[in-house]
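Q: Contents of entry_5.cif (mmCIF, C-alpha atoms):
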data_run
#
loop_
_atom_site.label_atom_id
_atom_site.label_comp_id
_atom_site.auth_asym_id
_atom_site.auth_seq_id
_atom_site.Cartn_x
_atom_site.Cartn_y
_atom_site.Cartn_z
CA MET A 1 0.00 0.00 0.00
CA LYS A 2 1.22 3.49 -0.84
CA ARG A 3 1.41 5.49 2.34
CA GLY A 4 0.83 9.17 2.75
CA LYS A 5 2.97 11.28 5.05
CA ILE A 6 2.66 9.72 8.48
CA SER A 7 3.24 11.85 11.54
CA ASN A 8 6.15 11.21 13.80
CA ASN A 9 3.82 10.75 16.77
CA VAL A 10 2.08 7.85 15.03
CA ILE A 11 5.40 6.23 14.14
CA ARG A 12 6.66 6.58 17.69
CA ARG A 13 3.55 4.85 19.01
CA LEU A 14 4.10 1.73 16.88
CA PRO A 15 6.72 0.16 19.18
CA ARG A 16 4.36 0.81 22.09
CA TYR A 17 1.55 -1.02 20.30
CA LEU A 18 3.92 -3.90 19.60
CA GLN A 19 4.92 -4.10 23.26
CA GLN A 20 1.26 -4.05 24.28
CA MET A 21 0.45 -6.87 21.85
CA GLU A 22 3.30 -8.91 23.30
CA ASP A 23 2.07 -8.33 26.82
CA LEU A 24 -1.48 -9.27 25.81
CA ALA A 25 -0.26 -12.43 24.02
CA LYS A 26 1.76 -13.37 27.09
CA ASN A 27 -1.41 -13.07 29.16
CA GLY A 28 -3.34 -15.28 26.75
CA VAL A 29 -5.45 -12.45 25.29
CA ASP A 30 -6.39 -13.28 21.72
CA HIS A 31 -8.32 -10.23 20.63
CA ILE A 32 -9.07 -6.79 21.94
CA SER A 33 -11.38 -3.88 21.16
CA SER A 34 -9.98 -0.45 20.38
CA LYS A 35 -11.79 0.75 23.51
CA ALA A 36 -10.02 -1.71 25.81
CA LEU A 37 -6.69 -1.15 24.08
CA GLY A 38 -7.13 2.59 24.43
CA ARG A 39 -7.86 2.27 28.14
CA GLN A 40 -4.71 0.19 28.63
CA MET A 41 -2.52 2.58 26.70
CA GLY A 42 -3.99 5.94 27.66
CA LEU A 43 -5.28 6.67 24.15
CA THR A 44 -8.78 7.20 22.78
CA PRO A 45 -10.29 4.44 20.62
CA SER A 46 -10.53 6.82 17.68
CA GLN A 47 -6.85 7.72 18.06
CA ILE A 48 -5.99 4.05 17.81
CA ARG A 49 -8.20 3.50 14.76
CA GLN A 50 -6.64 6.55 13.12
CA ASP A 51 -3.11 5.38 13.87
CA PHE A 52 -3.70 1.98 12.30
CA SER A 53 -5.60 3.40 9.35
CA CYS A 54 -2.29 4.92 8.18
CA TYR A 55 -1.17 1.38 7.38
CA GLY A 56 -4.36 -0.46 6.41
CA GLU A 57 -7.34 -1.98 8.13
CA PHE A 58 -6.32 -4.29 10.91
CA GLY A 59 -9.55 -4.62 12.86
CA GLN A 60 -13.07 -5.87 12.33
CA GLN A 61 -16.08 -3.75 13.23
CA GLY A 62 -17.65 -5.03 16.42
CA TRP A 63 -14.99 -7.64 17.08
CA GLY A 64 -11.85 -5.60 17.48
CA TYR A 65 -8.27 -6.58 16.74
CA SER A 66 -6.70 -10.01 16.63
CA VAL A 67 -3.68 -9.77 18.92
CA PRO A 68 -1.42 -12.16 16.94
CA TYR A 69 -2.41 -10.59 13.61
CA LEU A 70 -1.80 -7.05 14.83
CA ARG A 71 1.53 -8.11 16.29
CA GLU A 72 2.57 -9.60 12.93
CA GLN A 73 1.47 -6.52 11.03
CA ILE A 74 3.24 -4.09 13.34
CA SER A 75 6.40 -6.21 13.37
CA ALA A 76 6.43 -6.06 9.58
CA ILE A 77 5.84 -2.31 9.49
CA LEU A 78 8.70 -1.80 11.95
CA GLY A 79 11.06 -3.75 9.68
CA MET A 80 11.46 -6.64 12.09
CA LYS A 81 10.97 -9.13 9.24
CA ARG A 82 13.81 -7.71 7.16
CA GLY A 83 16.56 -9.56 8.98
CA TYR A 84 18.60 -6.41 9.59
CA ARG A 85 22.20 -7.01 10.57
CA LEU A 86 23.70 -4.86 13.29
CA ILE A 87 27.16 -4.19 14.61
CA LEU A 88 28.13 -2.72 17.96
CA VAL A 89 30.92 -0.15 17.85
CA GLY A 90 32.37 0.61 21.29
CA ILE A 91 32.18 -2.05 23.99
CA GLY A 92 32.44 -0.02 27.18
CA ASN A 93 29.96 -0.37 30.02
CA LEU A 94 27.04 0.66 27.87
CA GLY A 95 28.08 -1.63 25.01
CA HIS A 96 28.37 -4.49 27.49
CA ALA A 97 24.94 -3.73 28.89
CA LEU A 98 23.37 -3.77 25.43
CA LEU A 99 25.18 -6.95 24.39
CA LYS A 100 24.21 -8.80 27.53
CA ASN A 101 20.71 -7.57 28.20
CA PHE A 102 19.08 -6.00 25.20
CA GLY A 103 18.14 -9.11 23.24
CA PHE A 104 18.52 -7.88 19.67
CA GLU A 105 17.21 -11.22 18.31
CA ARG A 106 13.85 -10.66 19.98
CA TYR A 107 13.24 -7.93 17.42
CA GLY A 108 14.47 -9.93 14.45
CA PHE A 109 17.93 -8.34 14.40
CA THR A 110 21.20 -10.22 14.01
CA LEU A 111 24.32 -9.00 15.78
CA ALA A 112 27.02 -9.45 13.18
CA GLY A 113 30.01 -7.88 14.89
CA ALA A 114 31.41 -6.01 17.89
CA PHE A 115 34.33 -3.58 17.75
CA ASP A 116 36.50 -1.81 20.28
CA VAL A 117 40.00 -0.39 20.67
CA ASN A 118 40.71 -1.88 24.11
CA PRO A 119 43.41 -4.58 23.70
CA GLU A 120 42.05 -6.41 26.74
CA LEU A 121 38.68 -6.78 25.05
CA VAL A 122 39.73 -7.51 21.47
CA GLY A 123 39.66 -11.25 20.84
CA THR A 124 37.41 -12.04 23.81
CA GLU A 125 33.94 -13.47 23.34
CA LEU A 126 30.87 -11.62 24.59
CA SER A 127 27.37 -13.02 24.20
CA GLY A 128 28.63 -15.28 21.42
CA LEU A 129 30.42 -12.50 19.51
CA ARG A 130 34.17 -12.18 19.24
CA VAL A 131 35.21 -8.55 19.78
CA ALA A 132 37.32 -7.27 16.88
CA HIS A 133 39.69 -4.30 16.81
CA ILE A 134 38.11 -1.18 15.44
CA ASP A 135 40.99 -0.95 12.93
CA THR A 136 39.41 -3.94 11.18
CA LEU A 137 36.01 -2.24 10.86
CA GLU A 138 36.37 -1.02 7.28
CA GLU A 139 37.63 -4.36 6.06
CA PHE A 140 34.72 -6.05 7.83
CA LEU A 141 32.22 -3.71 6.20
CA LYS A 142 33.63 -4.51 2.75
CA MET A 143 32.92 -8.20 3.32
CA GLU A 144 29.70 -8.08 5.32
CA ALA A 145 26.36 -6.40 4.80
CA VAL A 146 25.53 -4.27 7.82
CA ASP A 147 22.31 -2.29 8.08
CA ILE A 148 22.55 -0.60 11.46
CA ALA A 149 25.51 0.38 13.64
CA VAL A 150 25.01 0.81 17.36
CA LEU A 151 27.36 3.63 18.28
CA THR A 152 28.58 3.44 21.87
CA VAL A 153 32.07 4.90 21.49
CA PRO A 154 33.23 7.85 23.65
CA GLY A 155 31.84 11.21 22.56
CA ASP A 156 35.12 12.48 21.17
CA ALA A 157 35.32 9.54 18.77
CA ALA A 158 31.66 9.69 17.75
CA ASP A 159 31.72 11.91 14.70
CA ALA A 160 34.77 10.34 13.05
CA THR A 161 33.43 6.82 13.62
CA ALA A 162 30.02 7.79 12.23
CA LYS A 163 31.65 9.21 9.11
CA GLN A 164 33.63 6.03 8.63
CA LEU A 165 30.47 3.93 9.00
CA ALA A 166 28.57 6.09 6.52
CA ARG A 167 31.44 5.99 4.02
CA CYS A 168 31.41 2.20 4.22
CA GLY A 169 27.71 2.04 3.41
CA VAL A 170 26.02 1.76 6.81
CA ARG A 171 22.73 3.60 6.37
CA ALA A 172 21.49 3.79 9.94
CA ILE A 173 23.16 4.63 13.25
CA TRP A 174 21.69 4.10 16.69
CA ASN A 175 23.56 6.83 18.52
CA PHE A 176 24.26 6.67 22.26
CA THR A 177 27.12 9.17 22.22
CA ASN A 178 25.14 12.28 23.16
CA THR A 179 26.79 13.97 20.16
CA GLU A 180 24.99 15.39 17.16
CA LEU A 181 26.41 13.41 14.27
CA ALA A 182 27.25 15.40 11.15
CA VAL A 183 26.36 12.43 8.92
CA SER A 184 22.71 12.88 9.85
CA ARG A 185 22.69 15.94 7.60
CA LYS A 186 24.03 13.87 4.72
CA GLY A 187 21.40 11.20 4.52
CA THR A 188 22.52 8.69 7.14
CA LEU A 189 19.58 7.83 9.39
CA VAL A 190 20.47 8.64 12.98
CA GLU A 191 18.36 7.78 15.98
CA ASN A 192 19.65 9.41 19.14
CA ILE A 193 19.24 8.11 22.65
CA HIS A 194 19.47 11.29 24.69
CA PHE A 195 19.60 10.18 28.30
CA SER A 196 19.71 13.76 29.51
CA ASP A 197 16.49 14.74 27.71
CA SER A 198 14.69 11.97 29.49
CA LEU A 199 16.04 12.80 32.96
CA LEU A 200 15.38 16.51 32.47
CA SER A 201 11.78 15.78 31.47
CA LEU A 202 11.39 13.81 34.69
CA SER A 203 12.93 16.70 36.61
CA TYR A 204 10.42 19.03 34.94
CA PHE A 205 7.45 16.88 35.93
CA LEU A 206 8.78 16.53 39.48
CA THR A 207 9.14 20.30 39.74
CA GLU A 208 5.64 20.81 38.42
CA SER A 209 4.26 18.29 40.89
CA LEU A 210 6.14 19.79 43.86
CA ASP A 211 4.97 23.30 42.93
CA ALA A 212 1.36 22.11 42.73
CA THR A 213 1.32 20.77 46.28
CA MET B 1 3.36 32.83 36.52
CA LYS B 2 0.37 30.52 36.52
CA ARG B 3 0.74 28.11 33.64
CA GLY B 4 -2.04 26.62 31.56
CA LYS B 5 -1.92 23.03 30.39
CA ILE B 6 1.29 22.66 28.41
CA SER B 7 1.52 19.98 25.75
CA ASN B 8 3.90 17.11 26.14
CA ASN B 9 5.59 18.00 22.86
CA VAL B 10 6.53 21.44 24.18
CA ILE B 11 7.87 19.95 27.42
CA ARG B 12 9.93 17.39 25.52
CA ARG B 13 11.51 20.15 23.43
CA LEU B 14 12.80 22.05 26.49
CA PRO B 15 15.86 19.83 27.04
CA ARG B 16 16.66 20.22 23.31
CA TYR B 17 16.52 24.02 23.65
CA LEU B 18 18.79 23.82 26.67
CA GLN B 19 21.30 21.68 24.76
CA GLN B 20 21.20 24.12 21.87
CA MET B 21 21.83 27.08 24.20
CA GLU B 22 24.80 25.22 25.67
CA ASP B 23 26.22 24.53 22.23
CA LEU B 24 25.72 28.17 21.22
CA ALA B 25 27.36 29.42 24.42
CA LYS B 26 30.28 27.06 23.83
CA ASN B 27 30.70 28.60 20.38
CA GLY B 28 30.65 32.11 21.81
CA VAL B 29 27.20 33.02 20.48
CA ASP B 30 25.57 35.56 22.76
CA HIS B 31 22.18 36.05 21.19
CA ILE B 32 20.10 34.47 18.46
CA SER B 33 16.92 35.20 16.52
CA SER B 34 14.02 32.76 16.54
CA LYS B 35 14.59 32.39 12.80
CA ALA B 36 18.21 31.28 13.19
CA LEU B 37 17.35 29.07 16.16
CA GLY B 38 14.54 27.50 14.18
CA ARG B 39 16.86 26.75 11.27
CA GLN B 40 19.34 25.08 13.60
CA MET B 41 16.70 22.98 15.32
CA GLY B 42 14.39 22.15 12.45
CA LEU B 43 11.50 24.19 13.89
CA THR B 44 9.63 27.23 12.58
CA PRO B 45 10.25 30.58 14.29
CA SER B 46 6.59 30.80 15.27
CA GLN B 47 6.78 27.33 16.83
CA ILE B 48 9.69 28.52 18.95
CA ARG B 49 7.91 31.70 20.01
CA GLN B 50 4.83 29.65 20.88
CA ASP B 51 6.83 27.15 22.91
CA PHE B 52 8.49 29.86 24.99
CA SER B 53 5.27 31.83 25.39
CA CYS B 54 3.99 28.97 27.58
CA TYR B 55 6.51 30.11 30.19
CA GLY B 56 6.80 33.86 29.73
CA GLU B 57 8.47 36.26 27.35
CA PHE B 58 12.12 35.46 26.88
CA GLY B 59 12.95 37.39 23.74
CA GLN B 60 12.99 40.97 22.52
CA GLN B 61 11.32 41.97 19.30
CA GLY B 62 13.92 42.55 16.60
CA TRP B 63 16.84 41.43 18.73
CA GLY B 64 16.03 37.83 19.51
CA TYR B 65 17.00 35.79 22.52
CA SER B 66 19.93 36.25 24.88
CA VAL B 67 21.64 32.85 24.96
CA PRO B 68 22.77 32.99 28.63
CA TYR B 69 19.39 34.33 29.76
CA LEU B 70 17.42 31.70 27.87
CA ARG B 71 19.72 29.01 29.23
CA GLU B 72 19.10 30.22 32.79
CA GLN B 73 15.35 30.35 32.29
CA ILE B 74 15.12 26.91 30.75
CA SER B 75 17.39 25.42 33.44
CA ALA B 76 15.03 26.82 36.06
CA ILE B 77 11.92 25.53 34.30
CA LEU B 78 13.50 22.06 34.06
CA GLY B 79 14.12 22.03 37.81
CA MET B 80 17.89 22.16 37.49
CA LYS B 81 18.07 24.85 40.20
CA ARG B 82 16.25 22.76 42.78
CA GLY B 83 19.29 20.75 43.84
CA TYR B 84 17.54 17.42 43.38
CA ARG B 85 19.24 14.49 45.06
CA LEU B 86 19.42 11.20 43.18
CA ILE B 87 20.32 7.65 44.03
CA LEU B 88 21.30 4.87 41.67
CA VAL B 89 19.73 1.49 42.39
CA GLY B 90 21.41 -1.37 40.53
CA ILE B 91 25.07 -1.03 39.56
CA GLY B 92 25.42 -3.46 36.67
CA ASN B 93 26.92 -2.44 33.33
CA LEU B 94 24.31 0.20 32.71
CA GLY B 95 24.60 1.60 36.24
CA HIS B 96 28.36 1.76 35.81
CA ALA B 97 27.99 3.55 32.48
CA LEU B 98 25.69 6.16 34.02
CA LEU B 99 27.91 6.66 37.07
CA LYS B 100 31.03 7.08 35.01
CA ASN B 101 29.83 8.98 31.98
CA PHE B 102 26.51 10.70 32.51
CA GLY B 103 27.63 13.67 34.56
CA PHE B 104 24.63 14.21 36.83
CA GLU B 105 26.22 17.36 38.30
CA ARG B 106 26.14 19.09 34.91
CA TYR B 107 22.38 19.27 35.29
CA GLY B 108 22.42 20.42 38.89
CA PHE B 109 21.77 16.98 40.35
CA THR B 110 23.61 15.45 43.29
CA LEU B 111 24.26 11.72 43.41
CA ALA B 112 23.57 10.83 47.03
CA GLY B 113 23.90 7.05 46.97
CA ALA B 114 24.44 3.89 44.95
CA PHE B 115 22.99 0.49 45.83
CA ASP B 116 23.49 -3.06 44.64
CA VAL B 117 23.26 -6.66 45.86
CA ASN B 118 26.58 -7.84 44.45
CA PRO B 119 28.96 -8.51 47.39
CA GLU B 120 31.94 -7.76 45.15
CA LEU B 121 30.61 -4.27 44.52
CA VAL B 122 29.27 -3.35 47.94
CA GLY B 123 31.82 -1.24 49.81
CA THR B 124 33.79 -0.28 46.69
CA GLU B 125 33.98 3.31 45.52
CA LEU B 126 32.71 4.36 42.11
CA SER B 127 32.94 7.94 40.88
CA GLY B 128 33.33 9.11 44.47
CA LEU B 129 30.34 7.13 45.77
CA ARG B 130 30.60 4.13 48.05
CA VAL B 131 28.25 1.37 46.86
CA ALA B 132 25.92 0.25 49.65
CA HIS B 133 23.98 -2.99 49.94
CA ILE B 134 20.42 -2.73 48.75
CA ASP B 135 19.28 -4.09 52.12
CA THR B 136 20.32 -0.74 53.61
CA LEU B 137 18.19 1.24 51.14
CA GLU B 138 15.16 1.78 53.40
CA GLU B 139 17.31 2.87 56.31
CA PHE B 140 19.14 5.27 54.01
CA LEU B 141 15.87 6.75 52.75
CA LYS B 142 14.74 7.38 56.34
CA MET B 143 17.84 9.48 56.96
CA GLU B 144 18.34 11.19 53.61
CA ALA B 145 16.11 13.20 51.35
CA VAL B 146 16.06 11.65 47.89
CA ASP B 147 14.08 13.11 45.03
CA ILE B 148 14.79 10.79 42.12
CA ALA B 149 15.84 7.15 41.96
CA VAL B 150 17.61 5.87 38.87
CA LEU B 151 16.36 2.31 38.51
CA THR B 152 18.85 0.03 36.77
CA VAL B 153 18.11 -3.25 38.52
CA PRO B 154 17.29 -6.42 36.53
CA GLY B 155 13.74 -6.51 35.14
CA ASP B 156 12.51 -9.15 37.57
CA ALA B 157 13.44 -6.95 40.55
CA ALA B 158 12.06 -3.75 39.04
CA ASP B 159 8.52 -3.66 40.35
CA ALA B 160 9.34 -4.65 43.92
CA THR B 161 12.20 -2.14 44.11
CA ALA B 162 10.01 0.61 42.71
CA LYS B 163 7.33 -0.13 45.31
CA GLN B 164 9.92 0.05 48.07
CA LEU B 165 11.22 3.38 46.77
CA ALA B 166 7.71 4.82 46.53
CA ARG B 167 6.82 3.60 50.01
CA CYS B 168 9.93 5.34 51.35
CA GLY B 169 8.91 8.65 49.82
CA VAL B 170 10.81 8.77 46.53
CA ARG B 171 8.52 10.65 44.18
CA ALA B 172 10.24 10.14 40.85
CA ILE B 173 11.84 7.12 39.18
CA TRP B 174 14.02 7.16 36.08
CA ASN B 175 13.29 3.68 34.83
CA PHE B 176 15.76 1.73 32.67
CA THR B 177 14.28 -1.69 33.41
CA ASN B 178 12.03 -2.00 30.35
CA THR B 179 9.24 -2.91 32.77
CA GLU B 180 6.02 -0.99 33.26
CA LEU B 181 6.12 -0.03 36.93
CA ALA B 182 2.87 -0.43 38.84
CA VAL B 183 3.74 2.57 41.07
CA SER B 184 3.26 4.88 38.06
CA ARG B 185 -0.49 4.34 38.44
CA LYS B 186 -0.31 5.38 42.08
CA GLY B 187 1.21 8.79 41.71
CA THR B 188 4.93 8.09 41.50
CA LEU B 189 6.39 9.92 38.53
CA VAL B 190 8.03 7.41 36.21
CA GLU B 191 10.10 8.30 33.18
CA ASN B 192 10.91 5.27 31.07
CA ILE B 193 13.93 4.85 28.86
CA HIS B 194 12.69 2.35 26.32
CA PHE B 195 15.74 1.35 24.29
CA SER B 196 13.66 -0.93 22.10
CA ASP B 197 11.24 1.84 21.08
CA SER B 198 14.14 3.87 19.85
CA LEU B 199 15.79 1.06 17.87
CA LEU B 200 12.46 0.00 16.37
CA SER B 201 11.79 3.56 15.23
CA LEU B 202 15.17 3.55 13.51
CA SER B 203 14.33 0.21 11.92
CA TYR B 204 11.05 1.72 10.71
CA PHE B 205 12.78 4.70 9.10
CA LEU B 206 15.40 2.43 7.52
CA THR B 207 12.65 0.24 6.07
CA GLU B 208 10.81 3.26 4.73
CA SER B 209 14.02 4.59 3.17
CA LEU B 210 14.94 1.22 1.59
CA ASP B 211 11.42 0.84 0.17
CA ALA B 212 11.57 4.32 -1.33
CA THR B 213 14.72 3.59 -3.34
#
Take the structure from the file and write it as structure tokens.
A:
Amino acid sequence: MKRGKISNNVIRRLPRYLQQMEDLAKNGVDHISSKALGRQMGLTPSQIRQDFSCYGEFGQQGWGYSVPYLREQISAILGMKRGYRLILVGIGNLGHALLKNFGFERYGFTLAGAFDVNPELVGTELSGLRVAHIDTLEEFLKMEAVDIAVLTVPGDAADATAKQLARCGVRAIWNFTNTELAVSRKGTLVENIHFSDSLLSLSYFLTESLDAT
Amino acid sequence: MKRGKISNNVIRRLPRYLQQMEDLAKNGVDHISSKALGRQMGLTPSQIRQDFSCYGEFGQQGWGYSVPYLREQISAILGMKRGYRLILVGIGNLGHALLKNFGFERYGFTLAGAFDVNPELVGTELSGLRVAHIDTLEEFLKMEAVDIAVLTVPGDAADATAKQLARCGVRAIWNFTNTELAVSRKGTLVENIHFSDSLLSLSYFLTESLDAT
């Protein structure tokens, strides 16, 4: 289906819908009305119908949504069926945490490589991956198709590493470096995890709540 | 000033404005027009004026915004002048990464404690904090005022730990556990960092971009 321009807010809700479908499936729920789904997710039923209508018709009037069907559809829309191959660049504490706990496979992703400069790490095996030296990154990217790079290098190495990745054909970077990457202005897709934005939002809501009491 | 209901989108842009002011200050920029600021941030000038008008009048017609003044105002709105005290609960890889690299002080926060169950960690010093056993958490919270808990425990311990924190008077939780915390429905402020939402959004945009070519 040809899609019109879909708002960022709708796109950002898709992973939340997926998570909700997984929770429902886990609890043995097989189908759900837009009303019940809305109540669970803090959205109105018409909001939910509108969101899904951007991608097709997933529900049946009077019966609601099939949980497994919706889960399949959303997984496909999110690209989880494409078999994207990821590499992790920078295996510090954060890289370790992602390797050990994130579960990339759960979302249909394959971890194809892990790179660092630390001689104590290079050659060791972490979660089934052998850590390679970052000097071998370009060579690796010539041989292997990589769709997404998870960038967890120190901030001062972020921009140069991102440029190298982009030059070698990596189209998407998941950026944990709290640095605006210049490649994002040249067509590389960059998704930033800004820890500070999140904490400052919490601080805002706390301030608002303290001032109201 | 009494504030009306401010949209979540506006609130979520405040930390971005702050970051932009810091970058401008670093580059020696002293004042900026809403037009130039909009160009830098991908927003329209009227959007920027509207956002700020929720909180007062920060600019001068024809001159624009003073960078240091705007930075001060936004810091205050975000609660960075309140001297919030934080504790870190769960010092695994992610906890380590936050302790070492996040720089809580930069945002006016004080790290008041760090807690874990791992006997090899308890008693050691990390970034100037001595790690305490999680069994001493309640006692600690009786003695010390804590505003925000950073929750980086394993997922299966998340809900119980959050309940304990809420019961001991912690009003805000920065939640890295990828678990919906039940306390969020009982008035505790919870800000979730959902890594998977972010990666799946990137996967969505990559899919869209590959399908367009």
Q: Quick one: residues within 12 Å of stretch 5-8 of chain A, only C-alpha atoms counted, chain neighbours fewer than 5 positions away excluded, as an NGL selection string?
A: (:A and (13-14 or 50-55)) or (:B and (9 or 201-202 or 204-205 or 208))
Q: Name the closest residue to chain A among the candidates B:Pro15, B:Gly108, B:Gly28, B:Gly103; distances are taken between atoms, counting only C-alpha atoms.
A: B:Pro15
Q: Evaluating the PyMOL selection byres ((chain A) within 9 of (chain B)) on the displayed file yields which residues, as a PyMOL selection string?
A: chain A and resi 11-16+19+77-80+82+84+92-98+102+104+107+147-148+171-174+189-193+195-209
Q: Please provide as an NGL selection string all residues within 10 Å of A:Ile91, with the sequence filter that same-chain residues fewer than 6 positions apart are discarded (counting only C-alpha atoms).
A: :A and (97-99 or 114-118 or 121-122 or 126 or 131 or 151-154)
Q: Could you tell me how far atom CA of B:Val89 lies from atom CA of B:Ala149, in Å and to one decimal?
A: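 Interatomic distance, atom CA of B:Val89 to atom CA of B:Ala149: 6.9 Å.
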Q: Can you list what the PyMOL selection byres ((chain B and resi 21) around 10) grabs from this structure, as a list of chain:residue names?
A: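 Checked against the file, the PyMOL selection byres ((chain B and resi 21) around 10) matches B:Pro15, B:Arg16, B:Tyr17, B:Leu18, B:Gln19, B:Gln20, B:Glu22, B:Asp23, B:Leu24, B:Ala25, B:Lys26, B:Asn27, B:Val29, B:Asp30, B:His31, B:Ile32, B:Leu37, B:Ser66, B:Val67, B:Pro68, B:Tyr69, B:Leu70, B:Arg71, B:Glu72, B:Ile74.
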Q: Take atom CA of B:Gly90 and atom CA of A:Glu125 and report the distance between them in Å, one decimal.
A: 24.5 Å
Q: So the first atom is atom CA of B:Cys168 and the second is atom CA of B:Leu181; what is the distance between them in Å, to one decimal place?
A: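 We find that atom CA of B:Cys168 and atom CA of B:Leu181 lie 15.9 Å from each other.
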Q: List, as a ChimeraX atom specification, every residue that the PyMOL selection byres ((chain B and resi 110) around 6) selects in the file provided.
A: /B:85-86,105,109,111-112
